[in-house]
Amino acid sequence: MGCTAADVVAALRAAAAVVQEHRDELVRLDQAIGDADHGENLRRGFTALLSRLDAEEPASPGKALKLVATTLISTVGGAAGPLYGTAFLRASAAVGDAAELDGEAVARALQAALEGVVARGKAVVGDKTMVDALTPAVTAAASAEGSVAGVLSAAADAAAEGAESTVPMVARKGRASYLGERSAGHLDPGARSTALLLRAFADAAAG
Ligand code: ADP
Ligand code: MG
Ligand code: MG
């Protein structure tokens with residue numbers, strides 16, 4: 001069975017709850033190698049998203065993803081706002097106006113999201129950013145070939161591993177790069193939030 005607009009909205013509400021639960025953790029991670037605002041930036045964005053979802057019911061999965069993009073771009077700020085905004089905008093364009101998404105469509109949407117993040121932020125794997133979580137997630141999703149829940153679960157597992165892999169890295173993009181070698185030994189906040197979001201989507205899809 002495919003994933004409808006209502007399913008996407010439910011997954012987004014679940015993601016908003018996860019962002020709220022992990023707000024302080026993400027702030028602490030960003031305190032170590034950035035400016036301590038990543039958790040609050042995302043909390044603000046997803047709280048705004050919840051109010052928009054209360055006000056209007058997106059007519060398709062693509063419209064729901066577009067609403068996330070415009071909301072995050074206008075409320076999150078910093079590096080992560082435009083990056084996540086672009087990710088959701090590209091994912092929205094990739095799914096078009098389909099009424100339901102299958103696993104393959106979700107895998108293609110994740111691929112498009114990654115391409116958007118890379119086009120915007122120019123980071124590559126190893127730079128200690130959200131790209132280190134999203135890249136293995138996209139690869140895992142592409143080879144998962146199954147239900148939406150199966151594809152997202154594979155993506156979430158790979159993203160969690162990818163996020164952990166940022167710990168020893170020296171940051172080459174974003175604020176953490178100002179620290180040079182001192183950025184090593186810390187988990188990248190954006191990689192962590194990407195892993196959290198994918199896990200929330202996967203859990204929601206699994207029901
Ligand atoms: P800011 O650094 O402006 O305060 P946030 O704290 O909200 O923004 O987000 C920081 C996260 O953004 C980093 O942990 C990293 O994952 C991600 N990031 C920063 N620059 C880039 C980039 N050029 N490409 C991809 N991700 C990036
Ligand atoms: Mg920050
Ligand atoms: Mg900031």
# chains A, B, ... in the order shown; residues from 1 in each chain; ligands from 1
call {"tool": "residues_around", "arguments": {"residues": "Ala94 (chain A)", "least_positions_apart": "3", "cutoff": "8 Å", "atoms": "only C-alpha atoms", "output": "MDAnalysis selection string"}}
result
chainID A and resid 90:91 105 108:109 112
call {"tool": "closest_atom_pairs", "arguments": {"of": "chain A", "to": "ligand 2", "cutoff": "12 Å", "atoms": "only C-alpha atoms and all ligand atoms", "output": "tab-separated table"}}
result
residue	atom	partner	partner_atom_place_in_ligand_line	distance
A:Leu26	CA	ligand 2	1 (Mg)	9.3
A:Val27	CA	ligand 2	1 (Mg)	8.0
A:Arg28	CA	ligand 2	1 (Mg)	10.2
A:Leu29	CA	ligand 2	1 (Mg)	9.2
A:Asp30	CA	ligand 2	1 (Mg)	5.6
A:Gln31	CA	ligand 2	1 (Mg)	7.8
A:Ala32	CA	ligand 2	1 (Mg)	10.0
A:Ile33	CA	ligand 2	1 (Mg)	8.5
A:Gly34	CA	ligand 2	1 (Mg)	5.1
A:Asp35	CA	ligand 2	1 (Mg)	4.5
A:Ala36	CA	ligand 2	1 (Mg)	5.3
A:Asp37	CA	ligand 2	1 (Mg)	4.5
A:His38	CA	ligand 2	1 (Mg)	4.6
A:Gly39	CA	ligand 2	1 (Mg)	8.2
A:Glu40	CA	ligand 2	1 (Mg)	9.0
A:Asn41	CA	ligand 2	1 (Mg)	7.9
A:Leu42	CA	ligand 2	1 (Mg)	10.2
A:Val76	CA	ligand 2	1 (Mg)	10.5
A:Gly77	CA	ligand 2	1 (Mg)	9.4
A:Gly78	CA	ligand 2	1 (Mg)	6.6
A:Ala79	CA	ligand 2	1 (Mg)	7.4
A:Ala80	CA	ligand 2	1 (Mg)	8.0
A:Gly81	CA	ligand 2	1 (Mg)	10.4
A:Thr129	CA	ligand 2	1 (Mg)	11.8
A:Gly174	CA	ligand 2	1 (Mg)	8.8
A:Arg175	CA	ligand 2	1 (Mg)	7.2
A:Ala176	CA	ligand 2	1 (Mg)	8.7
A:Ser177	CA	ligand 2	1 (Mg)	11.9
A:Asp188	CA	ligand 2	1 (Mg)	10.4
A:Pro189	CA	ligand 2	1 (Mg)	8.3
A:Gly190	CA	ligand 2	1 (Mg)	8.9
call {"tool": "atom_distance", "arguments": {"atom1": "CA of Ala200 (chain A)", "atom2": "CA of His22 (chain A)"}}
result
11.7 Å
call {"tool": "select_by_dssp", "arguments": {"residues": "chain A", "states": "alpha helix (DSSP H)", "output": "number ranges by chain"}}
result
A: 5-21, 23-33, 38-55, 61-75, 80-95, 103-121, 131-144, 148-164, 189-206
call {"tool": "closest_atom_pairs", "arguments": {"of": "region 92-128 of chain A", "to": "region 146-165 of chain A", "cutoff": "12 Å", "atoms": "only C-alpha atoms", "output": "Markdown table"}}
result
| residue | atom | partner | partner_atom | distance |
| --- | --- | --- | --- | --- |
| A:Glu100 | CA | A:Val148 | CA | 10.6 |
| A:Leu101 | CA | A:Val148 | CA | 7.7 |
| A:Asp102 | CA | A:Val148 | CA | 5.7 |
| A:Gly103 | CA | A:Val148 | CA | 4.0 |
| A:Glu104 | CA | A:Gly146 | CA | 7.6 |
| A:Ala105 | CA | A:Val148 | CA | 8.5 |
| A:Val106 | CA | A:Val148 | CA | 6.7 |
| A:Ala107 | CA | A:Val151 | CA | 6.8 |
| A:Arg108 | CA | A:Val151 | CA | 10.6 |
| A:Ala109 | CA | A:Leu152 | CA | 11.1 |
| A:Leu110 | CA | A:Ala155 | CA | 8.9 |
| A:Gln111 | CA | A:Ala155 | CA | 10.9 |
| A:Val125 | CA | A:Gly162 | CA | 9.4 |
| A:Gly126 | CA | A:Ser165 | CA | 8.6 |
| A:Asp127 | CA | A:Ser165 | CA | 10.8 |
| A:Lys128 | CA | A:Ser165 | CA | 8.5 |
